[in-house]
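Next comes protein.txt, with compact mmCIF, C-alpha atoms.
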# COMPACT_ATOMS: atom_id res chain seq x y z
CA MET A 1 19.98 -28.34 8.16
CA SER A 2 17.12 -26.02 8.98
CA SER A 3 13.89 -27.65 10.08
CA THR A 4 11.82 -24.91 8.53
CA ASP A 5 10.08 -25.66 5.29
CA VAL A 6 9.89 -22.83 2.85
CA VAL A 7 6.70 -22.57 0.85
CA SER A 8 6.90 -20.11 -1.96
CA ALA A 9 3.92 -18.13 -3.12
CA ALA A 10 2.52 -19.27 -6.46
CA ALA A 11 3.04 -16.65 -9.13
CA ALA A 12 0.05 -16.16 -11.41
CA PRO A 13 0.70 -13.05 -13.48
CA ALA A 14 -2.31 -11.47 -15.13
CA ALA A 15 -2.24 -9.20 -18.19
CA ALA A 16 -0.27 -6.03 -17.38
CA PRO A 17 -2.80 -3.60 -15.83
CA ARG A 18 -0.51 -0.60 -15.78
CA LYS A 19 -3.48 1.63 -14.94
CA SER A 20 -4.24 -0.27 -11.71
CA PRO A 21 -3.89 2.77 -9.44
CA ALA A 22 -6.24 4.73 -11.74
CA GLU A 23 -8.72 1.86 -11.56
CA PHE A 24 -8.38 1.79 -7.80
CA VAL A 25 -9.25 5.48 -7.70
CA THR A 26 -12.35 5.20 -9.87
CA THR A 27 -13.64 2.22 -7.89
CA THR A 28 -13.01 3.78 -4.46
CA ILE A 29 -14.47 7.21 -5.07
CA GLY A 30 -17.61 7.43 -2.97
CA SER A 31 -16.66 4.64 -0.60
CA HIS A 32 -15.12 4.69 2.83
CA VAL A 33 -11.37 4.87 3.06
CA VAL A 34 -8.62 5.17 5.59
CA VAL A 35 -5.88 7.56 4.56
CA LYS A 36 -2.70 7.04 6.51
CA LEU A 37 -0.04 9.72 6.55
CA HIS A 38 3.72 9.32 6.99
CA SER A 39 3.30 10.70 10.49
CA GLY A 40 1.05 7.76 11.42
CA ILE A 41 -2.12 9.81 11.70
CA GLU A 42 -5.13 8.29 9.96
CA TYR A 43 -8.14 9.94 8.42
CA HIS A 44 -11.30 7.88 8.10
CA GLY A 45 -13.92 9.22 5.74
CA ARG A 46 -15.70 9.00 2.41
CA LEU A 47 -13.43 9.58 -0.58
CA THR A 48 -14.75 12.46 -2.69
CA CYS A 49 -11.83 12.92 -5.04
CA LEU A 50 -8.19 12.23 -5.60
CA ASP A 51 -5.63 13.51 -8.06
CA GLY A 52 -2.30 12.45 -9.53
CA TYR A 53 -0.38 13.92 -6.62
CA MET A 54 -2.47 11.91 -4.17
CA ASN A 55 -4.12 15.08 -2.91
CA ILE A 56 -7.34 13.83 -1.32
CA VAL A 57 -10.73 15.28 -0.46
CA LEU A 58 -12.72 13.45 2.20
CA GLU A 59 -16.23 13.87 3.60
CA ASP A 60 -17.37 13.14 7.18
CA THR A 61 -13.82 12.69 8.27
CA HIS A 62 -12.49 11.76 11.62
CA GLU A 63 -8.86 11.89 12.54
CA VAL A 64 -7.33 9.01 14.45
CA ALA A 65 -4.01 9.35 16.25
CA ASP A 66 -2.68 6.56 18.48
CA GLY A 67 -5.93 4.69 18.06
CA ARG A 68 -7.98 7.54 19.51
CA VAL A 69 -10.31 9.83 17.59
CA THR A 70 -8.82 13.29 17.94
CA ASN A 71 -10.91 15.41 15.57
CA LYS A 72 -13.94 15.36 13.35
CA TYR A 73 -14.21 17.34 10.14
CA GLY A 74 -17.04 17.79 7.67
CA ASP A 75 -14.83 18.15 4.62
CA ALA A 76 -11.10 17.66 4.62
CA PHE A 77 -8.33 18.24 2.08
CA VAL A 78 -5.17 16.24 2.56
CA ARG A 79 -2.04 17.29 0.66
CA GLY A 80 -0.69 14.37 -1.33
CA ASN A 81 2.95 14.57 -0.26
CA ASN A 82 1.92 13.44 3.24
CA VAL A 83 0.04 10.34 2.16
CA LEU A 84 1.49 6.91 2.89
CA TYR A 85 -1.48 4.87 1.69
CA ILE A 86 -5.20 4.90 0.96
CA ALA A 87 -7.05 1.79 2.12
CA LYS A 88 -10.60 0.77 1.31
CA SER A 89 -12.59 0.25 4.46
CA SER A 90 -16.10 -0.04 5.82
CA PRO A 91 -17.86 2.61 7.91
CA MET B 1 29.96 -12.20 -27.38
CA ALA B 2 26.66 -13.59 -26.07
CA THR B 3 23.84 -11.11 -25.63
CA VAL B 4 22.26 -11.11 -22.17
CA PRO B 5 18.44 -11.03 -22.33
CA GLN B 6 17.38 -7.71 -20.88
CA MET B 7 14.81 -7.65 -18.08
CA LEU B 8 13.78 -4.23 -17.00
CA PRO B 9 12.84 -3.60 -13.36
CA LEU B 10 9.23 -2.72 -14.14
CA GLU B 11 8.97 -5.85 -16.22
CA LEU B 12 10.03 -7.88 -13.21
CA ILE B 13 7.38 -6.22 -11.05
CA ASP B 14 4.85 -6.88 -13.80
CA LYS B 15 5.64 -10.58 -13.58
CA CYS B 16 4.83 -10.44 -9.88
CA ILE B 17 1.24 -9.36 -10.41
CA GLY B 18 -0.85 -11.92 -8.58
CA SER B 19 1.95 -12.95 -6.23
CA ARG B 20 2.38 -12.11 -2.61
CA LEU B 21 5.00 -9.42 -2.18
CA TRP B 22 6.97 -7.89 0.64
CA VAL B 23 7.34 -4.14 0.33
CA ILE B 24 9.91 -2.32 2.46
CA MET B 25 9.64 1.43 3.01
CA LYS B 26 12.24 4.09 3.84
CA SER B 27 10.72 4.32 7.31
CA GLU B 28 10.48 1.42 9.77
CA LYS B 29 7.46 0.05 7.95
CA GLU B 30 6.82 -2.96 5.76
CA PHE B 31 3.82 -4.30 3.92
CA THR B 32 2.94 -7.75 2.66
CA GLY B 33 0.14 -8.26 0.20
CA THR B 34 -0.92 -9.57 -3.17
CA LEU B 35 0.03 -7.28 -6.02
CA VAL B 36 -2.99 -6.17 -8.03
CA GLY B 37 -1.15 -3.60 -10.10
CA PHE B 38 1.19 -0.64 -10.20
CA ASP B 39 2.04 2.38 -12.31
CA ASP B 40 5.18 4.03 -13.68
CA PHE B 41 5.88 5.68 -10.33
CA VAL B 42 5.60 2.25 -8.65
CA ASN B 43 2.58 3.34 -6.65
CA MET B 44 1.19 -0.10 -5.85
CA VAL B 45 -2.28 -1.51 -5.40
CA LEU B 46 -2.14 -4.37 -2.91
CA GLU B 47 -4.78 -6.75 -1.57
CA ASP B 48 -5.07 -8.59 1.75
CA VAL B 49 -2.41 -6.40 3.18
CA THR B 50 -0.59 -6.67 6.48
CA GLU B 51 1.19 -3.56 7.66
CA PHE B 52 4.24 -4.08 9.87
CA THR B 53 5.55 -1.23 11.96
CA LYS B 54 8.83 -1.78 13.75
CA THR B 55 8.60 -1.35 17.48
CA PRO B 56 10.73 -3.03 20.17
CA THR B 57 8.35 -5.99 19.94
CA GLY B 58 7.17 -6.00 16.31
CA PHE B 59 3.67 -4.57 15.93
CA THR B 60 1.33 -5.47 13.10
CA THR B 61 -1.94 -4.14 11.75
CA THR B 62 -3.96 -6.23 9.35
CA LYS B 63 -5.95 -4.63 6.57
CA LEU B 64 -8.36 -6.36 4.28
CA SER B 65 -9.53 -5.24 0.87
CA GLN B 66 -7.24 -3.05 -1.15
CA ILE B 67 -4.77 -0.30 -0.57
CA LEU B 68 -3.05 2.15 -2.86
CA LEU B 69 0.48 2.47 -1.50
CA ASN B 70 2.38 5.66 -2.30
CA GLY B 71 5.47 4.72 -4.27
CA ASN B 72 7.44 7.72 -3.05
CA ASN B 73 8.85 5.94 -0.02
CA ILE B 74 9.10 2.39 -1.29
CA VAL B 75 12.66 1.13 -1.06
CA MET B 76 12.44 -2.51 -1.99
CA VAL B 77 9.95 -5.04 -3.29
CA ALA B 78 10.57 -8.75 -2.84
CA GLU B 79 8.61 -11.94 -3.21
CA TYR B 80 7.08 -12.87 0.11
CA VAL B 81 8.05 -16.37 1.05
CA GLN B 82 6.16 -17.74 4.00
CA ARG B 83 8.11 -19.83 6.45
CA VAL B 84 6.25 -22.82 7.88
CA LYS B 85 7.75 -24.54 10.91

How does this structure look as structure tokens?
Amino acid sequence: MSSTDVVSAAAAPAAAPRKSPAEFVTTTIGSHVVVKLHSGIEYHGRLTCLDGYMNIVLEDTHEVADGRVTNKYGDAFVRGNNVLYIAKSSP
Amino acid sequence: MATVPQMLPLELIDKCIGSRLWVIMKSEKEFTGTLVGFDDFVNMVLEDVTEFTKTPTGFTTTKLSQILLNGNNIVMVAEYVQRVK
């Protein structure tokens, strides 16, 4: 008999928004994002544009590796195959 | 012969919209978050996300707001059940 209680998350399904990633893109363009690559390197900057392959263009980018800022770029293009995730963030 | 009601995988994920999920990647990384939505490639939009990276001790990074997670390296998606001691 385990003493741990298991609380399950309440499921509240909304209407199927199959275009959620497309919505995410339109609402994040212009705002600050963190783009994390498979390698673990992060790019913090303003999202200019994004395409279906997750190719990304950022403005005022700085590159963070191991928690330290390693580089600063004015404009940066990130090839989509490297992208792990895009997270909304604040400057 | 009784017919088994068919539930497609994407249908199952669709039912999880709004729930907290546990997403396991090909690499030593996992994410938990509330599912906002997904697309046919199972790229997922998650909210209130915690990113877990496996290290000898178990290192976590917490993210707020939303992330778009690349579906390319997602291995498994499960309902996240929180254990309370």

Mind giving me the straight-line distance from atom CA of Gly40 of chain A to atom CA of Gly74 of chain A in Å, one decimal?
->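 The value is 21.0 Å.
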
Hey, what's within 8 Å of Asn81 of chain A if we count only C-alpha atoms and toss same-chain stuff fewer than 6 positions away? As a VMD selection string, please?
-> chain A and resid 53 to 55

Serialized selection, C-alpha atoms, as a JSON list (two decimals), in the frame of the given file:
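Ended up saving to again-v4.json:
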[["chain", "number", "residue", "atom", "x", "y", "z"],
["A", 53, "TYR", "CA", -0.38, 13.92, -6.62],
["A", 54, "MET", "CA", -2.47, 11.91, -4.17],
["A", 55, "ASN", "CA", -4.12, 15.08, -2.91]]

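When only C-alpha atoms are used to compute distances to chain A, the closest of the residues B:Cys16, B:Val42, B:Lys29, B:Leu10 turns out to be B:Cys16.
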
Among the residues B:Leu8, B:Asp14, B:Thr34, B:Pro56, the one that comes closest to chain A [using all atoms listed in the file] | B:Asp14

Can you list, as a ChimeraX atom specification, every protein, DNA or RNA residue that comes within 10 Å of Glu63 of chain A when you count only C-alpha atoms, leaving out same-chain residues fewer than 3 positions away?
-> /A:34-36,41-45,67-73

Residues within 10 Å of Ser89 of chain A, all atoms listed in the file, excluding chain neighbours under 6 positions, as an NGL selection string = (:A and (28 or 31-35 or 44-46)) or (:B and (63-67))

Between atom CA of His38 of chain A and atom CA of Lys54 of chain B lies a distance of 14.0 Å

Test item: chain B residues at most 7 Å from chain A, counting all atoms listed in the file, as number ranges by chain = B: 14-20, 37-39, 44-45, 65-70, 80-85

In terms of the shortest atom-to-atom distance over all atoms listed in the file, which of B:Thr3, B:Thr32, B:Ser27, B:Asn73 is closest to Thr60 of chain B?
->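 Answer, going by the shortest atom-to-atom distance: B:Thr32.
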